[in-house]
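**Student:** Structure in structure tokens, see below.
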Amino acid sequence: MKSKQQTAATLELDKTRPDTGAKRFLLVVGIIFVAAALRAPFTSVGPLLGMIRDDLGLSNTLAGAITTLPLLAFALLSPFAPKLARRFGTANVLMLALLALSMGILIRSGSGTVMLFAGTAMIGLSIAVCNVLLPGLIKGKFPERIGLMTGVYTVSMNICAAAASGISVPLAQHAGFGWRGTLALWFAVASLATIFWIPQMRNMTKGNTADHKQSSIRIWRSPLAWQVTLFMGLQSLLYYVLIAWFSVILSERGMSSSHAGWILSLMQLAQLPFTFFVPLWAGRMKNQRSLVVITSILFMIGILGVWLGSTAWMAVWAIGIGIAGGFAFGLAMMFFSLRTRSTQEASELSGMAQSVGYLLAAMGPALFGLLHDVNHSWNVPLALLAVASVLLFVAGLGAGSSRFVGDPK
């Protein structure tokens, strides 16, 4: 028999389920476009960083801050997004975030350094809100299809992110858009996301109260919540460190810059299928510990291969790391739903995990570079990444257990 708490959670989810047919289709389309708008404004900057630096006369430190600032914004605002949603409603808060995202993209492409950083900050804060609230919304609106919808959400986000990285330089250099015009183009994606979200302002109005009852669980005091948070943080750390430094490591090992860039692209492409399939698999399993084991083993093999293996096998190590990253990101997104009983709890856990996770991600690349400068070698930094993959395994065993954040120890 179901417990009273489980029955109440089921009734709460029933109140928030969208009608079948047109409303559900519009919600799915809205989620896809919102997800597509969440990474591209961020990942499109990296390839253009040299152009931006030279055009505005920025120091390397200030240029690096352009990519670090959004991560700090993610860490700052993530814990507060669930409170905003509880007070004003998920649909309303997401709409405001999308409008702010669109404005931020235009401001960032304006004239001068101040506009660049002001727009970047707006983009980071807007994406933080959407990052936190979408997993909880998926849990509330698609309780019977959490794995499928999480997979759709993550794939849409990552495909658009990869595309933004790949086309930014050609658009800026060969199509004549320049860095400002190239960054401004993502206003179109954010605008489409805003337009497709308009129907949800009406469709979700009745569900806001049910969606966001005050949770009685003190999420920051839950050991399980901290295990999920550490898993999220460590996979973010691994991802952003490798994205920042992988090509540099390969270049210093004698690989040409074009070949190193191709290997980095291969790593990102290997990740994509698994960001879709892993949430599907995880949603059908009683616990997800076996997926955690696979994730950690693949990370360890890939990192040790980059550190100690032959450069002739570098594509293999990159594919292993990419698959591991797809597993880790898919699991992290699913844990927010699988380890909670309600939409509000899922949003609060998402806010906590992403706050700590992106703080680690923001510090990781700088720390990694500092260790290299101090030791004049990649040995210590890569050894620490191997240690991080072990810690990911330890945290994942707890996060992947069949429990909820409110359960007694």
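If you're wondering about the labels, chains in the structure tokens are A, B, ... by order shown, residues count from 1 in each chain, ligands from 1 in order shown.
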What's the 8 Å shell around stretch 331-343 of chain A, counting only C-alpha atoms, without same-chain residues fewer than 3 positions away, as a PyMOL selection string?
**Tutor:** chain A and resi 6+9+12-13+135-137+139-140+146-147+150+211-212+228+231-232+278-279+282-283+327-328+346-347+349-350+399-400+402-406
**Student:** Based on the selection just made, write N, CA and C atoms of those residues as a tab-separated table (two decimals), in the first residue's frame.
**Tutor:**
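Result file follows (selection19.tsv):
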```tsv
chain	number	residue	atom	x	y	z
A	6	GLN	N	3.16	9.47	-0.15
A	6	GLN	CA	3.22	9.11	-1.56
A	6	GLN	C	1.90	9.42	-2.26
A	9	ALA	N	1.63	13.11	-2.81
A	9	ALA	CA	2.49	13.54	-3.91
A	9	ALA	C	1.87	13.18	-5.25
A	12	GLU	N	-0.88	15.58	-6.01
A	12	GLU	CA	-0.32	16.87	-6.40
A	12	GLU	C	0.09	16.85	-7.87
A	13	LEU	N	0.75	15.74	-8.28
A	13	LEU	CA	1.18	15.65	-9.66
A	13	LEU	C	-0.01	15.55	-10.61
A	135	PRO	N	13.85	21.20	-14.73
A	135	PRO	CA	13.73	19.83	-14.24
A	135	PRO	C	12.51	19.62	-13.33
A	136	GLY	N	12.22	20.59	-12.46
A	136	GLY	CA	11.04	20.47	-11.61
A	136	GLY	C	9.76	20.53	-12.41
A	137	LEU	N	9.72	21.40	-13.42
A	137	LEU	CA	8.54	21.49	-14.27
A	137	LEU	C	8.29	20.18	-15.00
A	139	LYS	N	9.16	17.21	-14.01
A	139	LYS	CA	8.66	16.23	-13.03
A	139	LYS	C	7.18	16.43	-12.78
A	140	GLY	N	6.74	17.69	-12.67
A	140	GLY	CA	5.34	17.96	-12.36
A	140	GLY	C	4.41	17.72	-13.53
A	146	ILE	N	9.25	11.14	-17.25
A	146	ILE	CA	10.36	11.97	-16.77
A	146	ILE	C	11.63	11.70	-17.56
A	147	GLY	N	11.96	10.41	-17.77
A	147	GLY	CA	13.18	10.06	-18.47
A	147	GLY	C	13.18	10.55	-19.91
A	150	THR	N	13.31	14.46	-19.96
A	150	THR	CA	14.63	14.92	-19.55
A	150	THR	C	15.63	14.70	-20.68
A	211	ASP	N	1.64	23.27	-7.76
A	211	ASP	CA	3.03	22.98	-8.09
A	211	ASP	C	3.99	23.39	-6.99
A	212	HIS	N	3.67	24.45	-6.28
A	212	HIS	CA	4.68	25.08	-5.44
A	212	HIS	C	4.25	25.25	-3.99
A	228	VAL	N	23.71	14.20	-4.16
A	228	VAL	CA	23.29	14.64	-5.50
A	228	VAL	C	24.05	15.91	-5.89
A	231	PHE	N	27.63	15.14	-6.81
A	231	PHE	CA	27.67	14.49	-8.12
A	231	PHE	C	27.53	15.55	-9.23
A	232	MET	N	26.57	16.45	-9.05
A	232	MET	CA	26.38	17.52	-10.03
A	232	MET	C	27.62	18.40	-10.12
A	278	VAL	N	20.55	7.99	-21.52
A	278	VAL	CA	20.77	7.72	-20.10
A	278	VAL	C	19.56	8.11	-19.23
A	279	PRO	N	18.92	9.28	-19.43
A	279	PRO	CA	17.70	9.55	-18.66
A	279	PRO	C	16.60	8.51	-18.89
A	282	ALA	N	17.75	5.47	-16.88
A	282	ALA	CA	17.70	5.75	-15.44
A	282	ALA	C	16.27	5.75	-14.93
A	283	GLY	N	15.33	6.27	-15.71
A	283	GLY	CA	13.94	6.33	-15.28
A	283	GLY	C	13.28	4.98	-15.15
A	327	PHE	N	26.75	10.38	-19.81
A	327	PHE	CA	26.18	9.63	-18.69
A	327	PHE	C	26.02	10.53	-17.47
A	328	ALA	N	27.08	11.27	-17.12
A	328	ALA	CA	27.08	12.07	-15.89
A	328	ALA	C	26.04	13.17	-15.94
A	346	ALA	N	11.88	19.03	-6.18
A	346	ALA	CA	12.78	18.88	-7.33
A	346	ALA	C	13.44	20.20	-7.68
A	347	SER	N	12.67	21.29	-7.64
A	347	SER	CA	13.23	22.61	-7.95
A	347	SER	C	14.24	23.04	-6.89
A	349	LEU	N	16.05	21.05	-4.91
A	349	LEU	CA	17.25	20.22	-5.05
A	349	LEU	C	18.06	20.66	-6.27
A	350	SER	N	17.37	20.98	-7.36
A	350	SER	CA	18.04	21.49	-8.55
A	350	SER	C	18.77	22.80	-8.25
A	399	ALA	N	23.81	9.06	-4.49
A	399	ALA	CA	22.79	9.74	-5.29
A	399	ALA	C	21.97	8.77	-6.11
A	400	GLY	N	22.57	7.65	-6.48
A	400	GLY	CA	21.87	6.67	-7.31
A	400	GLY	C	21.07	5.64	-6.54
A	402	SER	N	17.98	4.08	-4.21
A	402	SER	CA	16.52	4.21	-4.33
A	402	SER	C	15.94	4.84	-3.06
A	403	ARG	N	16.12	6.16	-2.93
A	403	ARG	CA	15.63	6.89	-1.76
A	403	ARG	C	15.12	8.26	-2.20
A	404	PHE	N	14.49	8.98	-1.25
A	404	PHE	CA	14.04	10.35	-1.48
A	404	PHE	C	14.68	11.26	-0.44
A	405	VAL	N	14.83	12.53	-0.77
A	405	VAL	CA	15.54	13.45	0.11
A	405	VAL	C	14.86	13.58	1.48
A	406	GLY	N	13.58	13.28	1.60
A	406	GLY	CA	12.91	13.42	2.88
A	406	GLY	C	12.89	12.16	3.71
```
**Student:** Considering only C-alpha atoms, return as number ranges by chain whatever protein or nucleic-acid residues lie within 10 Å of A:Gly325, sequence-local ones (same chain, fewer than 5 positions apart) excluded.
**Tutor:** A: 235-236, 238-239, 267-268, 270-272, 274-275, 295-296, 298-299, 319-320, 330-331
**Student:** Given the choices A:Val306, A:Ala75, A:Ala244, A:Val387, which gets closest to A:Gly364 if the distance is worked out from only C-alpha atoms?
**Tutor:**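 Nearest to A:Gly364: A:Ala244.
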**Student:** Compile the contact shell of A:Leu397 as a list in words: residues with an atom at most 9 Å away, counting only C-alpha atoms, same-chain residues fewer than 3 positions apart removed.
**Tutor:**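 Neighbouring residues, sequence-local ones excluded: Gln227, Gln288, Arg289, Ser290, Val292, Val293, Leu392, Phe393, Val394, Gly400 and Ser401 of chain A.
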**Student:** Which residues are near A:Ser168? Cut-off 12 Å, only C-alpha atoms, ignore same chain within fewer than 5 positions. Put them as number ranges by chain.
**Tutor:** A: 40-49, 51, 160-163, 173-186
**Student:** Given the selection you just returned, output its residues as a file containing N, CA and C atoms, formatted as an mmCIF file, in the first residue's frame.
**Tutor:**
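Heads up, here's the output in part-v1.cif:
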```cif
data_model
loop_
_atom_site.group_PDB
_atom_site.id
_atom_site.type_symbol
_atom_site.label_atom_id
_atom_site.label_comp_id
_atom_site.auth_asym_id
_atom_site.auth_seq_id
_atom_site.Cartn_x
_atom_site.Cartn_y
_atom_site.Cartn_z
ATOM 1 N N ALA A 40 23.527 27.961 -26.001
ATOM 2 C CA ALA A 40 24.146 28.635 -27.149
ATOM 3 C C ALA A 40 24.674 30.034 -26.835
ATOM 4 N N PRO A 41 23.933 30.890 -26.096
ATOM 5 C CA PRO A 41 24.484 32.218 -25.789
ATOM 6 C C PRO A 41 25.764 32.152 -24.973
ATOM 7 N N PHE A 42 25.993 31.033 -24.294
ATOM 8 C CA PHE A 42 27.185 30.853 -23.470
ATOM 9 C C PHE A 42 28.324 30.216 -24.277
ATOM 10 N N THR A 43 28.027 29.108 -24.991
ATOM 11 C CA THR A 43 29.080 28.381 -25.699
ATOM 12 C C THR A 43 29.553 29.104 -26.953
ATOM 13 N N SER A 44 28.765 30.050 -27.470
ATOM 14 C CA SER A 44 29.179 30.784 -28.667
ATOM 15 C C SER A 44 30.295 31.786 -28.376
ATOM 16 N N VAL A 45 30.522 32.091 -27.106
ATOM 17 C CA VAL A 45 31.515 33.115 -26.740
ATOM 18 C C VAL A 45 32.937 32.593 -26.839
ATOM 19 N N GLY A 46 33.182 31.367 -26.369
ATOM 20 C CA GLY A 46 34.537 30.836 -26.298
ATOM 21 C C GLY A 46 35.327 30.955 -27.585
ATOM 22 N N PRO A 47 34.796 30.473 -28.721
ATOM 23 C CA PRO A 47 35.557 30.560 -29.968
ATOM 24 C C PRO A 47 35.837 31.991 -30.420
ATOM 25 N N LEU A 48 35.043 32.958 -29.951
ATOM 26 C CA LEU A 48 35.189 34.356 -30.367
ATOM 27 C C LEU A 48 35.971 35.191 -29.362
ATOM 28 N N LEU A 49 36.458 34.541 -28.317
ATOM 29 C CA LEU A 49 37.065 35.292 -27.211
ATOM 30 C C LEU A 49 38.265 36.108 -27.667
ATOM 31 N N MET A 51 38.821 37.434 -30.646
ATOM 32 C CA MET A 51 38.332 38.606 -31.395
ATOM 33 C C MET A 51 37.799 39.676 -30.450
ATOM 34 N N CYS A 160 22.267 22.385 -29.549
ATOM 35 C CA CYS A 160 22.367 23.809 -29.847
ATOM 36 C C CYS A 160 23.690 24.370 -29.321
ATOM 37 N N ALA A 161 24.153 23.870 -28.183
ATOM 38 C CA ALA A 161 25.437 24.315 -27.636
ATOM 39 C C ALA A 161 26.586 23.947 -28.560
ATOM 40 N N ALA A 162 26.573 22.699 -29.063
ATOM 41 C CA ALA A 162 27.629 22.246 -29.966
ATOM 42 C C ALA A 162 27.594 23.035 -31.274
ATOM 43 N N ALA A 163 26.386 23.290 -31.782
ATOM 44 C CA ALA A 163 26.258 24.062 -33.021
ATOM 45 C C ALA A 163 26.800 25.474 -32.841
ATOM 46 N N GLN A 173 33.907 35.396 -39.190
ATOM 47 C CA GLN A 173 35.023 35.697 -40.093
ATOM 48 C C GLN A 173 34.629 35.637 -41.566
ATOM 49 N N HIS A 174 33.878 34.631 -41.949
ATOM 50 C CA HIS A 174 33.623 34.386 -43.365
ATOM 51 C C HIS A 174 32.273 34.920 -43.835
ATOM 52 N N ALA A 175 31.297 34.975 -42.922
ATOM 53 C CA ALA A 175 29.985 35.486 -43.315
ATOM 54 C C ALA A 175 29.870 36.991 -43.080
ATOM 55 N N GLY A 176 30.894 37.570 -42.453
ATOM 56 C CA GLY A 176 30.933 39.020 -42.287
ATOM 57 C C GLY A 176 30.108 39.572 -41.144
ATOM 58 N N PHE A 177 29.671 38.716 -40.214
ATOM 59 C CA PHE A 177 28.860 39.209 -39.108
ATOM 60 C C PHE A 177 29.704 39.884 -38.021
ATOM 61 N N GLY A 178 30.975 39.520 -37.924
ATOM 62 C CA GLY A 178 31.778 40.011 -36.811
ATOM 63 C C GLY A 178 31.328 39.347 -35.518
ATOM 64 N N TRP A 179 32.083 39.606 -34.438
ATOM 65 C CA TRP A 179 31.711 38.931 -33.190
ATOM 66 C C TRP A 179 30.404 39.474 -32.630
ATOM 67 N N ARG A 180 30.132 40.765 -32.803
ATOM 68 C CA ARG A 180 28.893 41.339 -32.275
ATOM 69 C C ARG A 180 27.669 40.760 -32.989
ATOM 70 N N GLY A 181 27.714 40.729 -34.314
ATOM 71 C CA GLY A 181 26.585 40.203 -35.072
ATOM 72 C C GLY A 181 26.363 38.729 -34.811
ATOM 73 N N THR A 182 27.457 37.972 -34.662
ATOM 74 C CA THR A 182 27.340 36.528 -34.404
ATOM 75 C C THR A 182 26.677 36.271 -33.059
ATOM 76 N N LEU A 183 27.097 36.991 -32.027
ATOM 77 C CA LEU A 183 26.487 36.816 -30.708
ATOM 78 C C LEU A 183 25.031 37.290 -30.700
ATOM 79 N N ALA A 184 24.747 38.338 -31.481
ATOM 80 C CA ALA A 184 23.380 38.871 -31.526
ATOM 81 C C ALA A 184 22.409 37.909 -32.209
ATOM 82 N N LEU A 185 22.923 37.030 -33.085
ATOM 83 C CA LEU A 185 22.046 36.098 -33.799
ATOM 84 C C LEU A 185 21.265 35.188 -32.856
ATOM 85 N N TRP A 186 21.811 34.923 -31.676
ATOM 86 C CA TRP A 186 21.131 34.017 -30.742
ATOM 87 C C TRP A 186 19.912 34.667 -30.106
#
```
**Student:** Got a sec: who's within 6 Å of A:Ser126, counting only C-alpha atoms, leaving out chain neighbours fewer than 2 positions off, as a PyMOL selection string?
**Tutor:** chain A and resi 97+101+123-124+128-129
**Student:** Please determine, counting only C-alpha atoms, which residue among A:Gly57, A:Pro79, A:Gln200, A:Ala121 has the shortest atom-to-atom distance to A:Ile31.
**Tutor:**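 Closest residue, counting only C-alpha atoms: A:Gln200.
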**Student:** Neighbouring residues of A:Asn92 were defined as those with any atom within 10 Å, considering only C-alpha atoms; residues of the same chain fewer than 3 positions away were excluded. Please report them as a VMD selection string.
**Tutor:** chain A and resid 84 to 85 87 to 89 95 to 98 197 to 198 200 to 202 204 to 205 208
**Student:** Residues of the last selection are to be written out with all heavy atoms, as a tab-separated table (two decimals), in the first residue's frame.
**Tutor:**
```tsv
chain	number	residue	atom	x	y	z
A	84	LEU	N	11.24	32.10	-6.09
A	84	LEU	CA	10.56	32.97	-7.05
A	84	LEU	C	9.41	32.23	-7.72
A	84	LEU	O	8.32	32.79	-7.91
A	84	LEU	CB	11.55	33.47	-8.10
A	84	LEU	CG	12.65	34.41	-7.63
A	84	LEU	CD1	13.67	34.65	-8.74
A	84	LEU	CD2	12.06	35.74	-7.16
A	85	ALA	N	9.65	30.98	-8.08
A	85	ALA	CA	8.60	30.19	-8.74
A	85	ALA	C	7.44	29.93	-7.80
A	85	ALA	O	6.27	29.93	-8.22
A	85	ALA	CB	9.19	28.87	-9.24
A	87	ARG	N	6.43	31.83	-5.43
A	87	ARG	CA	5.69	33.07	-5.18
A	87	ARG	C	4.93	33.55	-6.42
A	87	ARG	O	3.79	34.00	-6.32
A	87	ARG	CB	6.65	34.15	-4.72
A	87	ARG	CG	5.96	35.48	-4.41
A	87	ARG	CD	6.89	36.44	-3.72
A	87	ARG	NE	6.21	37.69	-3.39
A	87	ARG	CZ	6.78	38.71	-2.77
A	87	ARG	NH1	8.05	38.63	-2.39
A	87	ARG	NH2	6.09	39.81	-2.51
A	88	PHE	N	5.57	33.44	-7.59
A	88	PHE	CA	4.97	34.03	-8.79
A	88	PHE	C	4.50	33.02	-9.82
A	88	PHE	O	3.84	33.39	-10.79
A	88	PHE	CB	5.98	34.99	-9.46
A	88	PHE	CG	6.43	36.11	-8.58
A	88	PHE	CD1	7.70	36.12	-8.04
A	88	PHE	CD2	5.56	37.15	-8.27
A	88	PHE	CE1	8.13	37.16	-7.22
A	88	PHE	CE2	5.97	38.19	-7.45
A	88	PHE	CZ	7.26	38.20	-6.92
A	89	GLY	N	4.84	31.73	-9.63
A	89	GLY	CA	4.45	30.71	-10.59
A	89	GLY	C	5.56	30.40	-11.57
A	89	GLY	O	6.26	31.31	-12.04
A	95	MET	N	8.96	32.98	-18.12
A	95	MET	CA	8.73	34.00	-19.15
A	95	MET	C	9.59	35.24	-18.90
A	95	MET	O	10.23	35.77	-19.82
A	95	MET	CB	7.25	34.39	-19.18
A	95	MET	CG	6.93	35.54	-20.15
A	95	MET	SD	7.42	35.19	-21.86
A	95	MET	CE	6.07	34.11	-22.35
A	96	LEU	N	9.64	35.70	-17.65
A	96	LEU	CA	10.49	36.84	-17.32
A	96	LEU	C	11.96	36.54	-17.59
A	96	LEU	O	12.71	37.40	-18.08
A	96	LEU	CB	10.29	37.24	-15.86
A	96	LEU	CG	8.95	37.90	-15.52
A	96	LEU	CD1	8.81	38.09	-14.02
A	96	LEU	CD2	8.80	39.24	-16.25
A	97	ALA	N	12.38	35.30	-17.27
A	97	ALA	CA	13.77	34.92	-17.52
A	97	ALA	C	14.08	34.92	-19.01
A	97	ALA	O	15.16	35.36	-19.43
A	97	ALA	CB	14.04	33.54	-16.92
A	98	LEU	N	13.15	34.44	-19.84
A	98	LEU	CA	13.37	34.42	-21.28
A	98	LEU	C	13.43	35.84	-21.86
A	98	LEU	O	14.23	36.12	-22.75
A	98	LEU	CB	12.26	33.61	-21.96
A	98	LEU	CG	12.31	32.10	-21.72
A	98	LEU	CD1	11.04	31.44	-22.24
A	98	LEU	CD2	13.54	31.48	-22.38
A	197	TRP	N	6.64	30.01	-25.45
A	197	TRP	CA	6.29	29.87	-24.04
A	197	TRP	C	5.02	30.63	-23.69
A	197	TRP	O	4.42	30.39	-22.65
A	197	TRP	CB	7.44	30.33	-23.15
A	197	TRP	CG	7.29	29.81	-21.74
A	197	TRP	CD1	6.95	30.51	-20.63
A	197	TRP	CD2	7.44	28.45	-21.33
A	197	TRP	NE1	6.88	29.67	-19.55
A	197	TRP	CE2	7.18	28.40	-19.95
A	197	TRP	CE3	7.77	27.27	-22.00
A	197	TRP	CZ2	7.24	27.21	-19.22
A	197	TRP	CZ3	7.83	26.09	-21.27
A	197	TRP	CH2	7.57	26.07	-19.90
A	198	ILE	N	4.58	31.54	-24.54
A	198	ILE	CA	3.39	32.34	-24.25
A	198	ILE	C	2.16	31.50	-23.92
A	198	ILE	O	1.44	31.80	-22.96
A	198	ILE	CB	3.10	33.31	-25.42
A	198	ILE	CG1	4.19	34.39	-25.48
A	198	ILE	CG2	1.73	33.96	-25.28
A	198	ILE	CD1	4.08	35.30	-26.69
A	200	GLN	N	1.93	28.83	-22.35
A	200	GLN	CA	2.02	28.26	-21.00
A	200	GLN	C	1.59	29.26	-19.93
A	200	GLN	O	1.27	28.86	-18.80
A	200	GLN	CB	3.45	27.79	-20.72
A	200	GLN	CG	4.01	26.85	-21.77
A	200	GLN	CD	3.03	25.76	-22.18
A	200	GLN	OE1	2.35	25.18	-21.32
A	200	GLN	NE2	2.96	25.47	-23.47
A	201	MET	N	1.59	30.54	-20.25
A	201	MET	CA	1.13	31.54	-19.29
A	201	MET	C	-0.33	31.29	-18.93
A	201	MET	O	-0.77	31.52	-17.81
A	201	MET	CB	1.29	32.95	-19.85
A	201	MET	CG	2.70	33.28	-20.30
A	201	MET	SD	3.85	33.33	-18.93
A	201	MET	CE	3.28	34.81	-18.11
A	202	ARG	N	-1.10	30.81	-19.89
A	202	ARG	CA	-2.51	30.51	-19.66
A	202	ARG	C	-2.69	29.08	-19.15
A	202	ARG	O	-3.42	28.84	-18.20
A	202	ARG	CB	-3.30	30.69	-20.96
A	202	ARG	CG	-4.78	30.37	-20.82
A	202	ARG	CD	-5.52	30.54	-22.14
A	202	ARG	NE	-5.08	29.56	-23.13
A	202	ARG	CZ	-4.27	29.83	-24.15
A	202	ARG	NH1	-3.81	31.05	-24.31
A	202	ARG	NH2	-3.91	28.89	-25.02
A	204	MET	N	-0.76	27.08	-17.48
A	204	MET	CA	-0.25	26.69	-16.17
A	204	MET	C	-0.82	27.52	-15.03
A	204	MET	O	-0.48	27.29	-13.88
A	204	MET	CB	1.29	26.82	-16.15
A	204	MET	CG	2.00	25.80	-16.99
A	204	MET	SD	3.77	25.83	-16.67
A	204	MET	CE	4.36	24.81	-18.00
A	205	THR	N	-1.63	28.49	-15.32
A	205	THR	CA	-2.12	29.39	-14.26
A	205	THR	C	-2.78	28.62	-13.13
A	205	THR	O	-2.54	28.87	-11.96
A	205	THR	CB	-3.12	30.41	-14.84
A	205	THR	OG1	-2.45	31.16	-15.85
A	205	THR	CG2	-3.61	31.33	-13.77
A	208	ASN	N	-0.26	26.57	-10.60
A	208	ASN	CA	0.84	27.18	-9.86
A	208	ASN	C	0.79	26.88	-8.38
A	208	ASN	O	1.78	26.60	-7.74
A	208	ASN	CB	0.86	28.69	-10.09
A	208	ASN	CG	1.36	29.05	-11.47
A	208	ASN	OD1	2.06	28.27	-12.09
A	208	ASN	ND2	0.99	30.22	-11.96
```
**Student:** Output as number ranges by chain all residues of stretch 179-337 of chain A that backbone DSSP marks as alpha helix (DSSP H).
**Tutor:** A: 179-184, 186-203, 208-211, 223-252, 257-283, 289-308, 314-337
**Student:** Show me, as a ChimeraX atom specification, the residues that have an atom within 12 Å of A:Asn379 when counting only C-alpha atoms, minus same-chain residues fewer than 5 positions from it.
**Tutor:** /A:249,303-304,306-308,368-369,371-374,384-386
**Student:** Please save N, CA, C and O atoms of the selected residues as an mmCIF file, in the first residue's frame.
**Tutor:**
```
data_model
loop_
_atom_site.group_PDB
_atom_site.id
_atom_site.type_symbol
_atom_site.label_atom_id
_atom_site.label_comp_id
_atom_site.auth_asym_id
_atom_site.auth_seq_id
_atom_site.Cartn_x
_atom_site.Cartn_y
_atom_site.Cartn_z
ATOM 1 N N ILE A 249 46.257 20.911 -23.714
ATOM 2 C CA ILE A 249 47.040 19.733 -23.309
ATOM 3 C C ILE A 249 47.517 18.972 -24.539
ATOM 4 O O ILE A 249 48.686 18.580 -24.635
ATOM 5 N N ILE A 303 40.662 9.779 -18.708
ATOM 6 C CA ILE A 303 41.615 10.708 -18.096
ATOM 7 C C ILE A 303 43.004 10.078 -18.002
ATOM 8 O O ILE A 303 44.018 10.719 -18.306
ATOM 9 N N LEU A 304 43.077 8.813 -17.579
ATOM 10 C CA LEU A 304 44.370 8.131 -17.511
ATOM 11 C C LEU A 304 44.982 7.975 -18.903
ATOM 12 O O LEU A 304 46.212 8.042 -19.067
ATOM 13 N N VAL A 306 44.571 10.107 -21.449
ATOM 14 C CA VAL A 306 45.117 11.427 -21.809
ATOM 15 C C VAL A 306 46.411 11.690 -21.058
ATOM 16 O O VAL A 306 47.369 12.259 -21.609
ATOM 17 N N TRP A 307 46.473 11.270 -19.813
ATOM 18 C CA TRP A 307 47.633 11.527 -18.959
ATOM 19 C C TRP A 307 48.826 10.637 -19.323
ATOM 20 O O TRP A 307 49.940 11.119 -19.544
ATOM 21 N N LEU A 308 48.570 9.332 -19.428
ATOM 22 C CA LEU A 308 49.668 8.377 -19.546
ATOM 23 C C LEU A 308 49.705 7.634 -20.876
ATOM 24 O O LEU A 308 50.702 6.985 -21.196
ATOM 25 N N PHE A 368 42.954 24.669 -12.322
ATOM 26 C CA PHE A 368 43.677 23.732 -13.176
ATOM 27 C C PHE A 368 44.857 24.422 -13.851
ATOM 28 O O PHE A 368 45.974 23.900 -13.888
ATOM 29 N N GLY A 369 44.617 25.626 -14.380
ATOM 30 C CA GLY A 369 45.686 26.386 -15.015
ATOM 31 C C GLY A 369 46.757 26.817 -14.028
ATOM 32 O O GLY A 369 47.953 26.800 -14.344
ATOM 33 N N LEU A 371 47.667 25.269 -11.251
ATOM 34 C CA LEU A 371 48.483 24.099 -10.908
ATOM 35 C C LEU A 371 49.500 23.800 -12.002
ATOM 36 O O LEU A 371 50.630 23.417 -11.723
ATOM 37 N N HIS A 372 49.093 23.999 -13.238
ATOM 38 C CA HIS A 372 50.033 23.796 -14.344
ATOM 39 C C HIS A 372 51.149 24.828 -14.307
ATOM 40 O O HIS A 372 52.334 24.503 -14.509
ATOM 41 N N ASP A 373 50.799 26.089 -14.025
ATOM 42 C CA ASP A 373 51.811 27.140 -13.982
ATOM 43 C C ASP A 373 52.801 26.913 -12.841
ATOM 44 O O ASP A 373 54.004 27.181 -12.987
ATOM 45 N N VAL A 374 52.306 26.432 -11.707
ATOM 46 C CA VAL A 374 53.171 26.203 -10.550
ATOM 47 C C VAL A 374 54.105 25.016 -10.786
ATOM 48 O O VAL A 374 55.307 25.055 -10.465
ATOM 49 N N LEU A 384 44.570 15.073 -10.354
ATOM 50 C CA LEU A 384 43.417 15.553 -9.594
ATOM 51 C C LEU A 384 42.106 15.272 -10.326
ATOM 52 O O LEU A 384 41.077 15.003 -9.685
ATOM 53 N N LEU A 385 42.115 15.312 -11.653
ATOM 54 C CA LEU A 385 40.915 14.934 -12.393
ATOM 55 C C LEU A 385 40.588 13.453 -12.196
ATOM 56 O O LEU A 385 39.415 13.072 -12.111
ATOM 57 N N ALA A 386 41.622 12.628 -12.120
ATOM 58 C CA ALA A 386 41.400 11.209 -11.833
ATOM 59 C C ALA A 386 40.795 11.032 -10.445
ATOM 60 O O ALA A 386 39.887 10.212 -10.247
#
```
**Student:** Quick check, in Å to one decimal: how far apart do atom CA of A:Leu367 and atom CA of A:Leu116 lie?
**Tutor:**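 So the two atoms, atom CA of A:Leu367 and atom CA of A:Leu116, lie 25.0 Å apart.
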**Student:** Calculated over only C-alpha atoms, which of the candidates A:Ala312, A:Ile219, A:Ile107, A:Ile297 has the smallest distance to A:Ile263?
**Tutor:**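 Of all the options, A:Ala312 lies closest to A:Ile263.
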